[in-house]
$ cat query12.cif   # mmCIF, C-alpha atoms
data_input
loop_
_atom_site.group_PDB
_atom_site.id
_atom_site.type_symbol
_atom_site.label_atom_id
_atom_site.label_comp_id
_atom_site.auth_asym_id
_atom_site.auth_seq_id
_atom_site.Cartn_x
_atom_site.Cartn_y
_atom_site.Cartn_z
ATOM 1 C CA PRO T 249 -10.673 12.590 -9.672
ATOM 2 C CA ILE T 250 -13.529 12.592 -7.205
ATOM 3 C CA SER T 251 -13.485 13.146 -3.436
ATOM 4 C CA ILE T 252 -15.959 10.828 -1.690
ATOM 5 C CA ASN T 253 -17.349 11.667 1.764
ATOM 6 C CA ILE T 254 -18.719 8.360 3.033
ATOM 7 C CA ARG T 255 -20.263 9.808 6.203
ATOM 8 C CA GLU T 256 -22.279 12.449 4.318
ATOM 9 C CA ALA T 257 -22.742 10.350 1.145
ATOM 10 C CA THR T 258 -21.466 13.176 -1.068
ATOM 11 C CA THR T 259 -18.948 13.440 -3.870
ATOM 12 C CA THR T 260 -16.921 16.409 -5.090
ATOM 13 C CA LEU T 261 -15.091 16.706 -8.395
ATOM 14 C CA ILE T 262 -11.449 17.770 -7.912
ATOM 15 C CA PRO T 263 -10.304 19.048 -11.323
ATOM 16 C CA SER T 264 -6.812 20.126 -10.223
ATOM 17 C CA ALA T 265 -5.812 16.932 -8.384
ATOM 18 C CA LYS T 266 -2.852 15.051 -9.767
ATOM 19 C CA LYS T 267 -2.359 11.329 -10.203
ATOM 20 C CA ALA T 268 0.343 9.383 -8.389
ATOM 21 C CA LYS T 269 2.807 7.491 -10.575
ATOM 22 C CA SER T 270 1.655 4.026 -11.642
ATOM 23 C CA LYS T 271 -1.182 3.414 -9.202
ATOM 24 C CA LYS T 272 -1.787 -0.042 -10.618
ATOM 25 C CA GLY T 273 -4.807 -1.953 -9.385
ATOM 26 C CA ILE T 274 -5.350 0.183 -6.302
ATOM 27 C CA LYS T 275 -8.391 0.582 -4.107
ATOM 28 C CA GLY T 276 -8.485 3.258 -1.443
ATOM 29 C CA LYS T 277 -10.397 5.236 1.139
ATOM 30 C CA LYS T 278 -9.908 8.325 3.220
ATOM 31 C CA SER T 279 -8.546 7.389 6.617
ATOM 32 C CA LYS T 280 -10.498 7.852 9.794
ATOM 33 C CA GLY T 281 -8.945 7.316 13.195
ATOM 34 C CA SER T 282 -5.587 5.600 13.565
ATOM 35 C CA THR T 283 -3.980 7.679 10.866
ATOM 36 C CA ASN T 284 -4.502 11.385 10.260
ATOM 37 C CA PRO T 285 -8.092 11.714 8.969
ATOM 38 C CA ASN T 286 -6.766 13.703 6.015
ATOM 39 C CA THR T 287 -4.761 10.728 4.787
ATOM 40 C CA LEU T 288 -5.631 8.628 1.765
ATOM 41 C CA VAL T 289 -5.015 4.947 2.541
ATOM 42 C CA PHE T 290 -5.074 2.428 -0.299
ATOM 43 C CA MET T 291 -4.034 -1.112 -1.104
ATOM 44 C CA ASP T 292 -1.821 -2.203 -3.956
ATOM 45 C CA ILE T 293 -3.147 -5.521 -5.173
ATOM 46 C CA GLY T 294 0.417 -6.315 -6.190
ATOM 47 C CA GLY T 295 2.037 -8.719 -8.533
ATOM 48 C CA VAL T 296 4.365 -11.401 -7.274
ATOM 49 C CA THR T 297 6.618 -10.197 -4.472
ATOM 50 C CA ALA T 298 4.655 -7.970 -2.075
ATOM 51 C CA GLU T 299 1.126 -6.863 -1.320
ATOM 52 C CA GLU T 300 0.976 -3.353 0.141
ATOM 53 C CA VAL T 301 -1.166 -0.853 1.976
ATOM 54 C CA ASN T 302 0.064 2.673 1.314
ATOM 55 C CA ALA T 303 -0.788 6.023 2.876
ATOM 56 C CA VAL T 304 -0.324 9.617 1.744
ATOM 57 C CA SER T 305 -1.706 12.897 3.048
ATOM 58 C CA MET T 306 -4.449 14.582 1.054
ATOM 59 C CA GLU T 307 -2.394 17.777 1.297
ATOM 60 C CA ASP T 308 0.427 16.054 -0.610
ATOM 61 C CA ILE T 309 -1.977 14.596 -3.181
ATOM 62 C CA LEU T 310 -3.561 18.011 -3.820
ATOM 63 C CA ASP T 311 -0.181 19.784 -4.062
ATOM 64 C CA THR T 312 0.412 19.603 -7.814
ATOM 65 C CA SER T 313 4.047 20.763 -7.641
ATOM 66 C CA THR T 314 5.255 17.203 -6.895
ATOM 67 C CA ILE T 315 3.929 13.831 -8.003
ATOM 68 C CA GLU T 316 3.973 11.191 -5.275
ATOM 69 C CA ASN T 317 6.140 8.218 -6.157
ATOM 70 C CA PHE T 318 5.363 4.831 -4.587
ATOM 71 C CA GLY T 319 8.061 3.105 -6.637
ATOM 72 C CA TRP T 320 5.816 1.215 -9.043
ATOM 73 C CA GLY T 321 6.954 0.592 -12.583
ATOM 74 C CA ARG T 322 10.510 0.679 -13.893
ATOM 75 C CA ASN T 323 12.270 3.927 -12.981
ATOM 76 C CA GLN T 324 13.683 5.659 -16.069
ATOM 77 C CA ILE T 325 16.614 7.107 -14.105
ATOM 78 C CA ASP T 326 18.004 4.098 -12.211
ATOM 79 C CA GLY T 327 16.353 1.342 -14.304
ATOM 80 C CA LYS T 328 14.981 -0.380 -11.201
ATOM 81 C CA ALA T 329 11.441 -1.567 -10.540
ATOM 82 C CA ARG T 330 10.133 -1.701 -6.997
ATOM 83 C CA GLU T 331 7.439 -3.740 -5.286
ATOM 84 C CA GLY T 332 7.020 -3.035 -1.604
ATOM 85 C CA THR T 333 10.518 -2.889 -0.162
ATOM 86 C CA PHE T 334 12.143 -4.963 -2.916
ATOM 87 C CA TYR T 335 13.834 -4.315 -6.251
ATOM 88 C CA ILE T 336 12.256 -6.447 -8.971
ATOM 89 C CA ALA T 337 13.997 -7.879 -12.047
ATOM 90 C CA PRO T 338 12.502 -7.623 -15.533
ATOM 91 C CA GLY T 339 10.135 -10.490 -16.247
ATOM 92 C CA TYR T 340 6.569 -11.511 -16.887
ATOM 93 C CA GLY T 341 4.027 -10.170 -14.433
ATOM 94 C CA ALA T 342 1.792 -12.409 -12.332
ATOM 95 C CA VAL T 343 3.692 -15.670 -12.960
ATOM 96 C CA LEU T 344 3.599 -16.875 -9.363
ATOM 97 C CA GLY T 345 6.777 -18.408 -8.071
ATOM 98 C CA ASP T 346 9.561 -16.660 -9.939
ATOM 99 C CA GLN T 347 8.356 -13.909 -12.277
ATOM 100 C CA PRO T 348 9.339 -11.213 -12.056
ATOM 101 C CA ALA T 349 12.137 -12.239 -9.717
ATOM 102 C CA CYS T 350 12.943 -10.352 -6.529
ATOM 103 C CA GLU T 351 16.496 -8.988 -6.919
ATOM 104 C CA SER T 352 17.210 -7.553 -3.469
ATOM 105 C CA PRO T 353 15.750 -5.649 -0.519
ATOM 106 C CA ILE T 354 15.639 -1.858 -0.720
ATOM 107 C CA ALA T 355 17.592 0.094 1.872
ATOM 108 C CA SER T 356 14.691 1.868 3.464
ATOM 109 C CA PRO T 357 13.422 4.439 3.586
ATOM 110 C CA GLU T 358 14.537 5.199 0.049
ATOM 111 C CA GLU T 359 14.774 8.906 -0.766
ATOM 112 C CA GLY T 360 12.211 10.110 -3.294
ATOM 113 C CA TYR T 361 9.732 7.289 -2.650
ATOM 114 C CA ILE T 362 6.797 6.990 -0.278
ATOM 115 C CA HIS T 363 7.222 3.855 1.813
ATOM 116 C CA THR T 364 4.473 1.286 2.357
ATOM 117 C CA TRP T 365 2.467 1.221 5.614
ATOM 118 C CA ILE T 366 2.435 -2.581 5.637
ATOM 119 C CA GLN T 367 3.444 -5.259 3.198
ATOM 120 C CA PHE T 368 3.262 -9.017 3.064
ATOM 121 C CA GLY T 369 4.539 -11.547 0.586
ATOM 122 C CA ARG T 370 4.509 -15.214 -0.211
ATOM 123 C CA THR T 371 6.400 -17.855 1.753
ATOM 124 C CA GLU T 372 6.555 -21.634 1.812
ATOM 125 C CA PHE T 373 4.384 -21.540 4.961
ATOM 126 C CA ASP T 374 1.810 -18.910 3.961
ATOM 127 C CA PHE T 375 0.198 -19.420 0.569
ATOM 128 C CA TYR T 376 -0.787 -15.796 0.201
ATOM 129 C CA TYR T 377 -1.888 -14.526 -3.176
ATOM 130 C CA GLY T 378 -3.286 -11.036 -2.751
ATOM 131 C CA ILE T 379 -4.719 -8.435 -0.421
ATOM 132 C CA CYS T 380 -8.473 -8.090 -0.886
ATOM 133 C CA SER T 381 -9.761 -5.611 1.708
ATOM 134 C CA PHE T 382 -8.737 -3.398 4.614
ATOM 135 C CA VAL T 383 -10.176 -1.240 7.412
ATOM 136 C CA VAL T 384 -8.717 1.798 9.201
ATOM 137 C CA SER T 385 -10.905 2.942 12.095
ATOM 138 C CA ASP T 386 -10.516 3.912 15.759
ATOM 139 C CA GLU T 387 -14.271 3.456 16.161
ATOM 140 C CA SER T 388 -14.000 -0.241 15.259
ATOM 141 C CA PHE T 389 -10.716 -1.111 16.987
ATOM 142 C CA ASN T 390 -9.080 0.040 20.200
ATOM 143 C CA LYS T 391 -5.587 -1.424 19.635
ATOM 144 C CA LEU T 392 -5.305 -2.129 15.915
ATOM 145 C CA SER T 393 -4.469 0.675 13.489
ATOM 146 C CA LEU T 394 -5.114 -1.311 10.322
ATOM 147 C CA VAL T 395 -6.756 -4.664 9.551
ATOM 148 C CA TRP T 396 -6.624 -6.405 6.169
ATOM 149 C CA THR T 397 -7.639 -9.706 4.600
ATOM 150 C CA GLU T 398 -5.859 -12.040 2.224
ATOM 151 C CA PHE T 399 -7.656 -13.386 -0.853
ATOM 152 C CA ASN T 400 -6.415 -16.978 -1.119
ATOM 153 C CA THR T 401 -6.498 -18.033 2.540
ATOM 154 C CA GLY T 402 -9.148 -15.730 3.990
ATOM 155 C CA ASN T 403 -6.697 -14.851 6.767
ATOM 156 C CA VAL T 404 -7.273 -11.653 8.709
ATOM 157 C CA LEU T 405 -4.100 -9.713 9.509
ATOM 158 C CA GLY T 406 -3.441 -6.454 11.318
ATOM 159 C CA THR T 407 -0.970 -3.992 12.765
ATOM 160 C CA THR T 408 -0.969 -1.955 15.951
ATOM 161 C CA GLU T 409 1.328 0.677 14.420
ATOM 162 C CA SER T 410 0.125 3.882 12.772
ATOM 163 C CA TYR T 411 1.572 4.813 9.382
ATOM 164 C CA SER T 412 5.172 6.050 9.518
ATOM 165 C CA SER T 413 7.354 7.210 6.643
ATOM 166 C CA ASP T 414 10.242 5.312 8.274
ATOM 167 C CA GLY T 415 9.203 2.007 6.737
ATOM 168 C CA PRO T 416 6.671 -0.791 6.887
ATOM 169 C CA SER T 417 4.899 -1.572 10.129
ATOM 170 C CA LYS T 418 4.946 -5.094 11.536
ATOM 171 C CA GLY T 419 1.889 -7.156 10.633
ATOM 172 C CA TYR T 420 0.322 -9.984 12.614
ATOM 173 C CA LYS T 421 -2.021 -12.866 11.762
ATOM 174 C CA ILE T 422 -5.251 -12.431 13.691
ATOM 175 C CA ASN T 423 -6.873 -15.741 12.756
#
$ encode --input "query12.cif" --output "structure tokens"
Amino acid sequence: PISINIREATTTLIPSAKKAKSKKGIKGKKSKGSTNPNTLVFMDIGGVTAEEVNAVSMEDILDTSTIENFGWGRNQIDGKAREGTFYIAPGYGAVLGDQPACESPIASPEEGYIHTWIQFGRTEFDFYYGICSFVVSDESFNKLSLVWTEFNTGNVLGTTESYSSDGPSKGYKIN
């Protein structure tokens, strides 16, 4: 893994860093502002049920004694797959509408898993498909902690809440 310092335009190889479980299709950046600046914030481009923005401290990432678990993939102990705050049935990925099916909400926060900062899904009123970008910056916003965009509609969404391990923050449509 590589640490990227955007402000100084430098990179540093981190040979001892560990990988989080099943970071499928993620894009991330080090947080600046609304969340602790030593927090890695990244989006999960998702599958069918929920799009997510996740956050984890760099201290936790660099501590190799425990691997962070965001709930992705099918758990070998309980047999459940998780997407956002939902349990997901076995099925075929990326078949919009019913595959894989959402089985039930997760009682959150769920012990042993890092909860999402925000999540959004698909409804009959919002034809959302996927998260495509996000910004975390106190220099750009004075009330919003996180802003993100949706791929299919071009909608801009945001939250005023900083990351909390207690569960997802409430998101709002901005446009």
$ atom_distance --input "query12.cif" --atom1 "atom CA of Glu372 of chain T" --atom2 "atom CA of Tyr335 of chain T"
20.4 Å
$ atom_distance --input "query12.cif" --atom1 "atom CA of Tyr420 of chain T" --atom2 "atom CA of Thr408 of chain T"
8.8 Å
$ closest_residue --input "query12.cif" --among "T:Gly332, T:Arg370, T:Thr401, T:Ser410" --to "Ser385 of chain T" --atoms "all atoms listed in the file"
T:Ser410
$ closest_residue --input "query12.cif" --among "T:Pro353, T:Gly360, T:Gly369, T:Gly378" --to "Asp292 of chain T" --atoms "all atoms listed in the file"
T:Gly378
$ resolve_selection --input "query12.cif" --expression "the PyMOL selection byres ((chain T and resi 349) around 8)" --output "PyMOL selection string"
chain T and resi 297+336-339+346-348+350-351
